[in-house]
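J.: Structure supplied as entry.pdb; contents: PDB, C-alpha atoms, pLDDT in the B column.
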ATOM      1  CA  MET A1383      61.179 141.357 102.757  1.00 41.00           C
ATOM      2  CA  LEU A1384      63.136 138.290 103.846  1.00 50.00           C
ATOM      3  CA  ASN A1385      64.739 138.381 107.247  1.00 57.00           C
ATOM      4  CA  ASP A1386      66.593 135.087 107.405  1.00 69.00           C
ATOM      5  CA  GLY A1387      70.353 135.263 107.693  1.00 76.00           C
ATOM      6  CA  CYS A1388      72.952 132.557 107.237  1.00 95.00           C
ATOM      7  CA  THR A1389      76.735 132.356 107.209  1.00 98.00           C
ATOM      8  CA  ALA A1390      78.305 129.689 104.977  1.00 98.00           C
ATOM      9  CA  PHE A1391      81.758 128.534 103.946  1.00 98.00           C
ATOM     10  CA  ALA A1392      83.553 125.806 102.031  1.00 98.00           C
ATOM     11  CA  TRP A1393      87.210 124.800 102.304  1.00 98.00           C
ATOM     12  CA  LYS A1394      89.271 122.508 100.079  1.00 98.00           C
ATOM     13  CA  THR A1395      92.715 121.375 101.224  1.00 95.00           C
ATOM     14  CA  LYS A1396      95.087 118.660 100.046  1.00 92.00           C
ATOM     15  CA  THR A1397      93.606 116.305 102.626  1.00 88.00           C
ATOM     16  CA  GLY A1398      89.929 117.281 102.851  1.00 94.00           C
ATOM     17  CA  SER A1399      86.926 119.101 101.421  1.00 98.00           C
ATOM     18  CA  PHE A1400      84.397 120.686 103.774  1.00 98.00           C
ATOM     19  CA  ILE A1401      81.224 122.736 103.426  1.00 98.00           C
ATOM     20  CA  ALA A1402      79.255 124.233 106.305  1.00 98.00           C
ATOM     21  CA  GLN A1403      76.825 126.869 107.462  1.00 98.00           C
ATOM     22  CA  ASN A1404      74.592 128.201 110.185  1.00 98.00           C
ATOM     23  CA  TRP A1405      70.954 128.361 109.111  1.00 98.00           C
ATOM     24  CA  ASP A1406      69.216 131.364 110.668  1.00 97.00           C
ATOM     25  CA  TRP A1407      65.494 132.045 110.499  1.00 94.00           C
ATOM     26  CA  GLU A1408      62.423 132.731 112.647  1.00 93.00           C
ATOM     27  CA  GLY A1409      62.412 130.682 115.848  1.00 91.00           C
ATOM     28  CA  GLU A1410      58.899 129.398 115.149  1.00 91.00           C
ATOM     29  CA  GLN A1411      60.265 127.557 112.110  1.00 92.00           C
ATOM     30  CA  GLN A1412      62.314 125.225 114.332  1.00 93.00           C
ATOM     31  CA  ALA A1413      59.430 122.759 114.659  1.00 93.00           C
ATOM     32  CA  ASN A1414      59.154 122.445 110.867  1.00 95.00           C
ATOM     33  CA  ILE A1415      62.762 121.436 110.186  1.00 97.00           C
ATOM     34  CA  VAL A1416      63.264 117.829 109.079  1.00 97.00           C
ATOM     35  CA  CYS A1417      66.228 115.670 108.143  1.00 97.00           C
ATOM     36  CA  MET A1418      65.317 113.855 104.939  1.00 97.00           C
ATOM     37  CA  ARG A1419      66.984 110.898 103.223  1.00 98.00           C
ATOM     38  CA  ILE A1420      66.108 110.381  99.553  1.00 98.00           C
ATOM     39  CA  GLU A1421      67.008 107.280  97.548  1.00 98.00           C
ATOM     40  CA  GLN A1422      66.282 107.283  93.800  1.00 96.00           C
ATOM     41  CA  ARG A1423      67.196 104.699  91.206  1.00 97.00           C
ATOM     42  CA  GLY A1424      70.111 105.853  89.074  1.00 97.00           C
ATOM     43  CA  LYS A1425      70.816 108.951  91.189  1.00 98.00           C
ATOM     44  CA  PRO A1426      72.966 109.671  94.250  1.00 98.00           C
ATOM     45  CA  THR A1427      71.409 109.181  97.678  1.00 98.00           C
ATOM     46  CA  ILE A1428      70.622 112.534  99.296  1.00 98.00           C
ATOM     47  CA  VAL A1429      70.613 113.535 102.960  1.00 98.00           C
ATOM     48  CA  MET A1430      69.439 117.091 103.577  1.00 98.00           C
ATOM     49  CA  MET A1431      68.059 119.472 106.146  1.00 98.00           C
ATOM     50  CA  THR A1432      64.850 121.067 104.924  1.00 97.00           C
ATOM     51  CA  GLU A1433      61.348 122.118 105.944  1.00 94.00           C
ATOM     52  CA  GLY A1434      58.116 120.289 105.337  1.00 90.00           C
ATOM     53  CA  GLY A1435      57.142 120.595 101.663  1.00 92.00           C
ATOM     54  CA  ILE A1436      60.541 121.883 100.466  1.00 96.00           C
ATOM     55  CA  VAL A1437      62.071 119.457  97.924  1.00 96.00           C
ATOM     56  CA  GLY A1438      65.660 120.708  98.017  1.00 98.00           C
ATOM     57  CA  LYS A1439      67.730 122.482 100.650  1.00 98.00           C
ATOM     58  CA  ILE A1440      71.036 122.102 102.521  1.00 98.00           C
ATOM     59  CA  GLY A1441      72.949 118.797 102.572  1.00 98.00           C
ATOM     60  CA  LEU A1442      75.119 116.296 100.721  1.00 98.00           C
ATOM     61  CA  ASN A1443      74.877 113.176  98.611  1.00 98.00           C
ATOM     62  CA  SER A1444      76.568 109.799  98.268  1.00 98.00           C
ATOM     63  CA  ARG A1445      78.881 111.106  95.524  1.00 98.00           C
ATOM     64  CA  GLY A1446      80.404 113.687  97.841  1.00 98.00           C
ATOM     65  CA  VAL A1447      78.535 116.733  96.500  1.00 98.00           C
ATOM     66  CA  GLY A1448      77.377 119.244  99.123  1.00 98.00           C
ATOM     67  CA  VAL A1449      75.345 122.451  98.951  1.00 98.00           C
ATOM     68  CA  THR A1450      74.486 125.423 101.180  1.00 98.00           C
ATOM     69  CA  LEU A1451      72.142 128.383 100.757  1.00 98.00           C
ATOM     70  CA  ASN A1452      72.260 132.082 101.645  1.00 97.00           C
ATOM     71  CA  ALA A1453      69.165 134.242 101.303  1.00 96.00           C
ATOM     72  CA  ILE A1454      69.563 137.533  99.414  1.00 97.00           C
ATOM     73  CA  ALA A1455      66.898 140.217  98.963  1.00 96.00           C
ATOM     74  CA  ALA A1456      66.864 141.747  95.474  1.00 97.00           C
ATOM     75  CA  LYS A1457      64.096 142.697  93.092  1.00 96.00           C
ATOM     76  CA  GLY A1458      62.857 140.440  90.346  1.00 97.00           C
ATOM     77  CA  VAL A1459      61.764 136.930  89.488  1.00 98.00           C
ATOM     78  CA  SER A1460      62.335 135.011  86.259  1.00 98.00           C
ATOM     79  CA  PHE A1461      59.707 132.476  85.225  1.00 98.00           C
ATOM     80  CA  ASP A1462      61.969 130.659  82.777  1.00 97.00           C
ATOM     81  CA  LYS A1463      64.668 129.756  85.320  1.00 98.00           C
ATOM     82  CA  LEU A1464      64.828 127.201  88.143  1.00 98.00           C
ATOM     83  CA  PRO A1465      63.155 128.185  91.421  1.00 98.00           C
ATOM     84  CA  CYS A1466      65.765 128.313  94.178  1.00 97.00           C
ATOM     85  CA  HIS A1467      64.788 125.073  95.919  1.00 98.00           C
ATOM     86  CA  LEU A1468      64.554 123.129  92.660  1.00 98.00           C
ATOM     87  CA  ALA A1469      68.053 124.378  91.861  1.00 98.00           C
ATOM     88  CA  LEU A1470      69.263 123.051  95.216  1.00 98.00           C
ATOM     89  CA  ARG A1471      67.609 119.695  94.514  1.00 98.00           C
ATOM     90  CA  ALA A1472      69.263 119.559  91.086  1.00 98.00           C
ATOM     91  CA  VAL A1473      72.642 120.126  92.738  1.00 98.00           C
ATOM     92  CA  LEU A1474      71.989 117.326  95.223  1.00 98.00           C
ATOM     93  CA  GLU A1475      71.125 114.975  92.366  1.00 98.00           C
ATOM     94  CA  SER A1476      74.441 115.750  90.629  1.00 98.00           C
ATOM     95  CA  THR A1477      77.444 113.445  90.666  1.00 98.00           C
ATOM     96  CA  SER A1478      80.078 116.203  90.763  1.00 98.00           C
ATOM     97  CA  LEU A1479      80.679 119.919  91.122  1.00 98.00           C
ATOM     98  CA  GLN A1480      81.133 120.193  87.378  1.00 98.00           C
ATOM     99  CA  GLU A1481      77.798 118.510  86.645  1.00 98.00           C
ATOM    100  CA  ALA A1482      76.015 120.780  89.122  1.00 98.00           C
ATOM    101  CA  ARG A1483      77.757 123.814  87.635  1.00 98.00           C
ATOM    102  CA  ALA A1484      76.585 122.906  84.140  1.00 98.00           C
ATOM    103  CA  ILE A1485      72.978 122.583  85.352  1.00 98.00           C
ATOM    104  CA  LEU A1486      73.013 125.941  87.119  1.00 98.00           C
ATOM    105  CA  GLU A1487      74.701 127.690  84.195  1.00 98.00           C
ATOM    106  CA  LYS A1488      72.261 126.226  81.687  1.00 98.00           C
ATOM    107  CA  ASN A1489      69.064 126.876  83.646  1.00 98.00           C
ATOM    108  CA  GLY A1490      69.845 129.826  85.911  1.00 98.00           C
ATOM    109  CA  VAL A1491      68.030 130.526  89.180  1.00 98.00           C
ATOM    110  CA  ALA A1492      64.739 132.405  89.219  1.00 98.00           C
ATOM    111  CA  SER A1493      65.377 134.785  92.117  1.00 97.00           C
ATOM    112  CA  ALA A1494      68.105 136.227  94.279  1.00 97.00           C
ATOM    113  CA  CYS A1495      70.089 133.821  96.452  1.00 97.00           C
ATOM    114  CA  HIS A1496      73.597 132.495  96.882  1.00 98.00           C
ATOM    115  CA  ILE A1497      74.284 128.782  96.444  1.00 98.00           C
ATOM    116  CA  THR A1498      77.634 127.226  97.352  1.00 98.00           C
ATOM    117  CA  VAL A1499      78.351 123.905  95.649  1.00 98.00           C
ATOM    118  CA  ALA A1500      81.305 121.736  96.637  1.00 98.00           C
ATOM    119  CA  ASP A1501      82.589 118.240  96.034  1.00 98.00           C
ATOM    120  CA  ALA A1502      85.333 116.017  97.342  1.00 96.00           C
ATOM    121  CA  GLU A1503      87.612 116.408  94.323  1.00 96.00           C
ATOM    122  CA  MET A1504      87.499 119.979  93.030  1.00 97.00           C
ATOM    123  CA  GLY A1505      86.515 122.113  96.003  1.00 98.00           C
ATOM    124  CA  SER A1506      83.770 124.717  95.692  1.00 98.00           C
ATOM    125  CA  ILE A1507      82.142 127.425  93.590  1.00 98.00           C
ATOM    126  CA  GLY A1508      79.686 130.027  94.839  1.00 98.00           C
ATOM    127  CA  PHE A1509      76.805 131.043  92.586  1.00 98.00           C
ATOM    128  CA  GLU A1510      75.439 134.532  93.232  1.00 98.00           C
ATOM    129  CA  ASN A1511      72.037 134.608  91.591  1.00 98.00           C
ATOM    130  CA  THR A1512      69.527 137.311  90.776  1.00 98.00           C
ATOM    131  CA  ALA A1513      66.551 137.088  88.458  1.00 98.00           C
ATOM    132  CA  PHE A1514      68.721 138.745  85.792  1.00 98.00           C
ATOM    133  CA  ASP A1515      72.131 137.128  86.057  1.00 98.00           C
ATOM    134  CA  GLN A1516      74.388 134.573  87.736  1.00 98.00           C
ATOM    135  CA  ILE A1517      77.988 135.280  88.734  1.00 98.00           C
ATOM    136  CA  GLU A1518      80.423 132.715  90.080  1.00 98.00           C
ATOM    137  CA  VAL A1519      82.419 133.262  93.257  1.00 98.00           C
ATOM    138  CA  GLU A1520      85.665 131.326  93.054  1.00 97.00           C
ATOM    139  CA  MET A1521      87.739 129.934  95.907  1.00 98.00           C
ATOM    140  CA  VAL A1522      90.514 132.056  97.373  1.00 97.00           C
ATOM    141  CA  ASP A1523      93.271 129.865  98.823  1.00 97.00           C
ATOM    142  CA  GLY A1524      90.811 126.984  98.775  1.00 97.00           C
ATOM    143  CA  VAL A1525      88.144 128.887 100.729  1.00 98.00           C
ATOM    144  CA  ASN A1526      84.703 130.169  99.735  1.00 98.00           C
ATOM    145  CA  VAL A1527      82.619 132.267 102.158  1.00 98.00           C
ATOM    146  CA  HIS A1528      79.269 134.020 101.950  1.00 98.00           C
ATOM    147  CA  SER A1529      76.545 135.677 104.018  1.00 98.00           C
ATOM    148  CA  ASN A1530      73.422 137.611 102.928  1.00 97.00           C
ATOM    149  CA  HIS A1531      74.425 140.255 100.403  1.00 97.00           C
ATOM    150  CA  LEU A1532      75.751 140.357  96.864  1.00 98.00           C
ATOM    151  CA  THR A1533      79.539 140.557  96.721  1.00 97.00           C
ATOM    152  CA  LYS A1534      79.835 140.936  92.925  1.00 97.00           C
ATOM    153  CA  PRO A1535      78.447 143.588  90.554  1.00 97.00           C
ATOM    154  CA  HIS A1536      75.028 142.544  89.225  1.00 98.00           C
ATOM    155  CA  ARG A1537      72.325 144.011  87.017  1.00 97.00           C
ATOM    156  CA  VAL A1538      70.274 144.688  90.151  1.00 97.00           C
ATOM    157  CA  ASP A1539      71.261 145.771  93.664  1.00 95.00           C
ATOM    158  CA  ASP A1540      70.297 143.941  96.832  1.00 95.00           C
ATOM    159  CA  TYR A1541      68.535 145.508  99.800  1.00 92.00           C
ATOM    160  CA  LEU A1542      71.177 144.495 102.376  1.00 93.00           C
ATOM    161  CA  MET A1543      68.318 142.970 104.358  1.00 89.00           C
ATOM    162  CA  LEU A1544      70.641 142.375 107.321  1.00 91.00           C
ATOM    163  CA  LYS A1545      73.096 145.185 108.044  1.00 93.00           C
ATOM    164  CA  ASP A1546      75.356 142.739 109.890  1.00 95.00           C
ATOM    165  CA  SER A1547      75.908 140.640 106.742  1.00 96.00           C
ATOM    166  CA  PRO A1548      79.205 142.368 105.753  1.00 97.00           C
ATOM    167  CA  PHE A1549      80.472 141.964 109.304  1.00 97.00           C
ATOM    168  CA  ARG A1550      79.685 138.236 109.341  1.00 98.00           C
ATOM    169  CA  LEU A1551      81.389 137.775 105.968  1.00 98.00           C
ATOM    170  CA  SER A1552      84.535 139.493 107.222  1.00 98.00           C
ATOM    171  CA  ARG A1553      84.375 137.631 110.524  1.00 98.00           C
ATOM    172  CA  ILE A1554      84.095 134.164 108.985  1.00 98.00           C
ATOM    173  CA  ARG A1555      87.158 134.900 106.840  1.00 98.00           C
ATOM    174  CA  GLU A1556      89.028 136.004 109.952  1.00 98.00           C
ATOM    175  CA  LEU A1557      88.067 132.895 111.907  1.00 98.00           C
ATOM    176  CA  LEU A1558      88.982 130.492 109.097  1.00 98.00           C
ATOM    177  CA  ALA A1559      92.352 132.214 108.672  1.00 97.00           C
ATOM    178  CA  ASP A1560      93.151 131.241 112.275  1.00 97.00           C
ATOM    179  CA  VAL A1561      92.418 127.541 111.644  1.00 97.00           C
ATOM    180  CA  LYS A1562      95.681 125.772 110.806  1.00 93.00           C
ATOM    181  CA  GLU A1563      94.132 122.559 109.490  1.00 94.00           C
ATOM    182  CA  PRO A1564      90.360 122.119 109.080  1.00 96.00           C
ATOM    183  CA  THR A1565      88.623 119.293 110.900  1.00 97.00           C
ATOM    184  CA  MET A1566      84.977 118.639 111.647  1.00 97.00           C
ATOM    185  CA  ALA A1567      85.603 119.650 115.266  1.00 97.00           C
ATOM    186  CA  ASN A1568      87.333 122.987 114.736  1.00 97.00           C
ATOM    187  CA  LEU A1569      84.994 123.998 111.896  1.00 98.00           C
ATOM    188  CA  ARG A1570      82.031 123.337 114.157  1.00 98.00           C
ATOM    189  CA  ASP A1571      83.695 125.653 116.679  1.00 98.00           C
ATOM    190  CA  VAL A1572      83.899 128.411 114.057  1.00 98.00           C
ATOM    191  CA  LEU A1573      80.092 128.366 113.788  1.00 98.00           C
ATOM    192  CA  LYS A1574      79.816 129.043 117.537  1.00 98.00           C
ATOM    193  CA  ASP A1575      81.236 132.560 117.189  1.00 98.00           C
ATOM    194  CA  GLU A1576      79.146 135.225 118.974  1.00 98.00           C
ATOM    195  CA  LYS A1577      81.210 138.341 118.296  1.00 98.00           C
ATOM    196  CA  ASN A1578      78.903 141.283 117.479  1.00 96.00           C
ATOM    197  CA  GLY A1579      76.059 139.387 119.164  1.00 96.00           C
ATOM    198  CA  PRO A1580      73.184 139.027 118.987  1.00 95.00           C
ATOM    199  CA  SER A1581      73.694 139.705 115.258  1.00 94.00           C
ATOM    200  CA  SER A1582      76.621 137.335 115.054  1.00 97.00           C
ATOM    201  CA  ILE A1583      77.524 134.193 113.103  1.00 98.00           C
ATOM    202  CA  CYS A1584      75.802 132.297 115.907  1.00 98.00           C
ATOM    203  CA  ARG A1585      72.702 134.468 115.972  1.00 97.00           C
ATOM    204  CA  SER A1586      70.344 135.140 118.893  1.00 96.00           C
ATOM    205  CA  PRO A1587      66.936 136.833 118.907  1.00 91.00           C
ATOM    206  CA  ASN A1588      66.628 140.380 120.250  1.00 85.00           C
ATOM    207  CA  GLU A1589      64.008 143.057 120.807  1.00 82.00           C
ATOM    208  CA  LYS A1590      63.965 143.953 117.084  1.00 80.00           C
ATOM    209  CA  SER A1591      64.199 140.486 115.517  1.00 81.00           C
ATOM    210  CA  THR A1592      63.174 136.925 116.326  1.00 85.00           C
ATOM    211  CA  THR A1593      65.663 135.529 113.786  1.00 92.00           C
ATOM    212  CA  GLN A1594      68.113 133.073 115.326  1.00 96.00           C
ATOM    213  CA  THR A1595      70.365 130.158 114.430  1.00 97.00           C
ATOM    214  CA  LEU A1596      68.094 127.130 114.022  1.00 97.00           C
ATOM    215  CA  PHE A1597      70.813 124.626 113.138  1.00 98.00           C
ATOM    216  CA  SER A1598      74.469 124.390 112.199  1.00 98.00           C
ATOM    217  CA  ILE A1599      75.814 121.866 109.713  1.00 98.00           C
ATOM    218  CA  VAL A1600      79.359 120.799 108.814  1.00 98.00           C
ATOM    219  CA  MET A1601      79.991 118.243 106.044  1.00 98.00           C
ATOM    220  CA  ASP A1602      83.165 116.303 105.222  1.00 98.00           C
ATOM    221  CA  LEU A1603      82.684 115.533 101.545  1.00 98.00           C
ATOM    222  CA  GLN A1604      85.575 113.111 101.214  1.00 97.00           C
ATOM    223  CA  LYS A1605      84.129 110.993 104.013  1.00 97.00           C
ATOM    224  CA  ARG A1606      80.549 111.495 102.734  1.00 98.00           C
ATOM    225  CA  ALA A1607      79.484 112.502 106.242  1.00 98.00           C
ATOM    226  CA  GLY A1608      78.059 115.449 108.107  1.00 98.00           C
ATOM    227  CA  VAL A1609      77.000 116.561 111.571  1.00 98.00           C
ATOM    228  CA  VAL A1610      74.017 118.762 112.329  1.00 98.00           C
ATOM    229  CA  LYS A1611      73.544 120.537 115.654  1.00 98.00           C
ATOM    230  CA  MET A1612      69.933 121.572 116.153  1.00 98.00           C
ATOM    231  CA  GLY A1613      69.456 124.996 117.693  1.00 96.00           C
ATOM    232  CA  LYS A1614      72.321 127.325 118.476  1.00 97.00           C
ATOM    233  CA  PRO A1615      75.672 125.494 118.367  1.00 97.00           C
ATOM    234  CA  VAL A1616      76.699 127.026 121.711  1.00 97.00           C
ATOM    235  CA  GLU A1617      73.733 125.441 123.502  1.00 95.00           C
ATOM    236  CA  GLY A1618      72.670 121.918 124.306  1.00 91.00           C
ATOM    237  CA  GLY A1619      70.464 120.230 121.753  1.00 88.00           C
ATOM    238  CA  GLU A1620      70.000 117.260 119.470  1.00 96.00           C
ATOM    239  CA  GLU A1621      72.801 116.254 117.129  1.00 97.00           C
ATOM    240  CA  LEU A1622      72.266 114.360 113.896  1.00 97.00           C
ATOM    241  CA  GLU A1623      74.808 112.364 111.917  1.00 98.00           C
ATOM    242  CA  LEU A1624      74.359 112.534 108.141  1.00 98.00           C
ATOM    243  CA  ARG A1625      75.560 109.578 106.058  1.00 98.00           C
ATOM    244  CA  PRO A1626      74.017 109.297 102.581  1.00 97.00           C
TER
END
If you took the structure in this file and wrote it as structure tokens, what would it be?
T.:
Amino acid sequence: MLNDGCTAFAWKTKTGSFIAQNWDWEGEQQANIVCMRIEQRGKPTIVMMTEGGIVGKIGLNSRGVGVTLNAIAAKGVSFDKLPCHLALRAVLESTSLQEARAILEKNGVASACHITVADAEMGSIGFENTAFDQIEVEMVDGVNVHSNHLTKPHRVDDYLMLKDSPFRLSRIRELLADVKEPTMANLRDVLKDEKNGPSSICRSPNEKSTTQTLFSIVMDLQKRAGVVKMGKPVEGGEELELRP
């Protein structure tokens, strides 16, 4: 069973469009994380955070399309749909939210996961996927949030692999509600939250789990820019600027 946990959100206002998340996984995976820039003729330039050998993951492109990923544990795999990471790559090769939406709706995703897609113009849509269906999660007051469990009725139930997932979902909503106007700075602060630690939005390892926040990422899609903080956002560590 998967044990990686992530907390993600997107926010569209009259003046900006942001998408962000903490990526949580086993601490040993830290050494395998890479920042990759991909230039292809006739397609948007991609900048993404991924692991060695993974062709699509979390990031943005030069057309202002951004994507995040939340792991979900549910039974089933479909061999006639897009594998999760190929779906993420397809999103990053899209020129708009609507183009990415059409690709995901047409092809589906082969296994359970949640993908948030956002762009600079229209805001965001969440796609809750299982091997059997795909259900969209629309913005509420311009905001989309997700963690590591299914929030809509599906043809299969998830395992709630992380019991703190509902707490983190509620907590990220609470924190964003207290932000008067989103900026890169105050949204990065949201990802530092350690309430309910160590199983918090900013996750730490404990005696039962070595899962922890490996990086945080916040992207300003109108400015085509992002900032990645390696490691836990409350600690010192390398920062990367993303500009596709």
J.: Env of region 1386-1396 of chain A: 6 Å cut, atoms = all atoms listed in the file, seq-sep filter 2 positions within chain, self excluded. Answer as a count of residues only.
T.: 19
J.: Going by the chain IDs and residue numbers used in this file, which residues fall under the PyMOL selection byres ((chain A and resi 1478-1493) around 10)? Write them as a ChimeraX atom specification.
T.: /A:1443,1445-1449,1453-1470,1472-1477,1494-1497,1499-1518
J.: Restricting the calculation to all atoms listed in the file: of A:Gln1412, A:Thr1397, A:Ser1552, A:Thr1427, which residue gets closest to Leu1624 (chain A)?
T.: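 The answer is A:Thr1427, which sits nearest to Leu1624 (chain A).
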J.: Find the distance between CA of Glu1408 (chain A) and CA of Arg1585 (chain A) and write it in Å to one decimal.
T.: 10.9 Å
J.: Up to 6 Å from (75.4, 139.0, 105.7) in the file's coordinates: name the residues, counting all atoms listed in the file, as a list in words.
T.: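 The residues that fall inside the cut-off are Ser1529, Asn1530, His1531, Asp1546, Ser1547, Pro1548 and Arg1550 of chain A.
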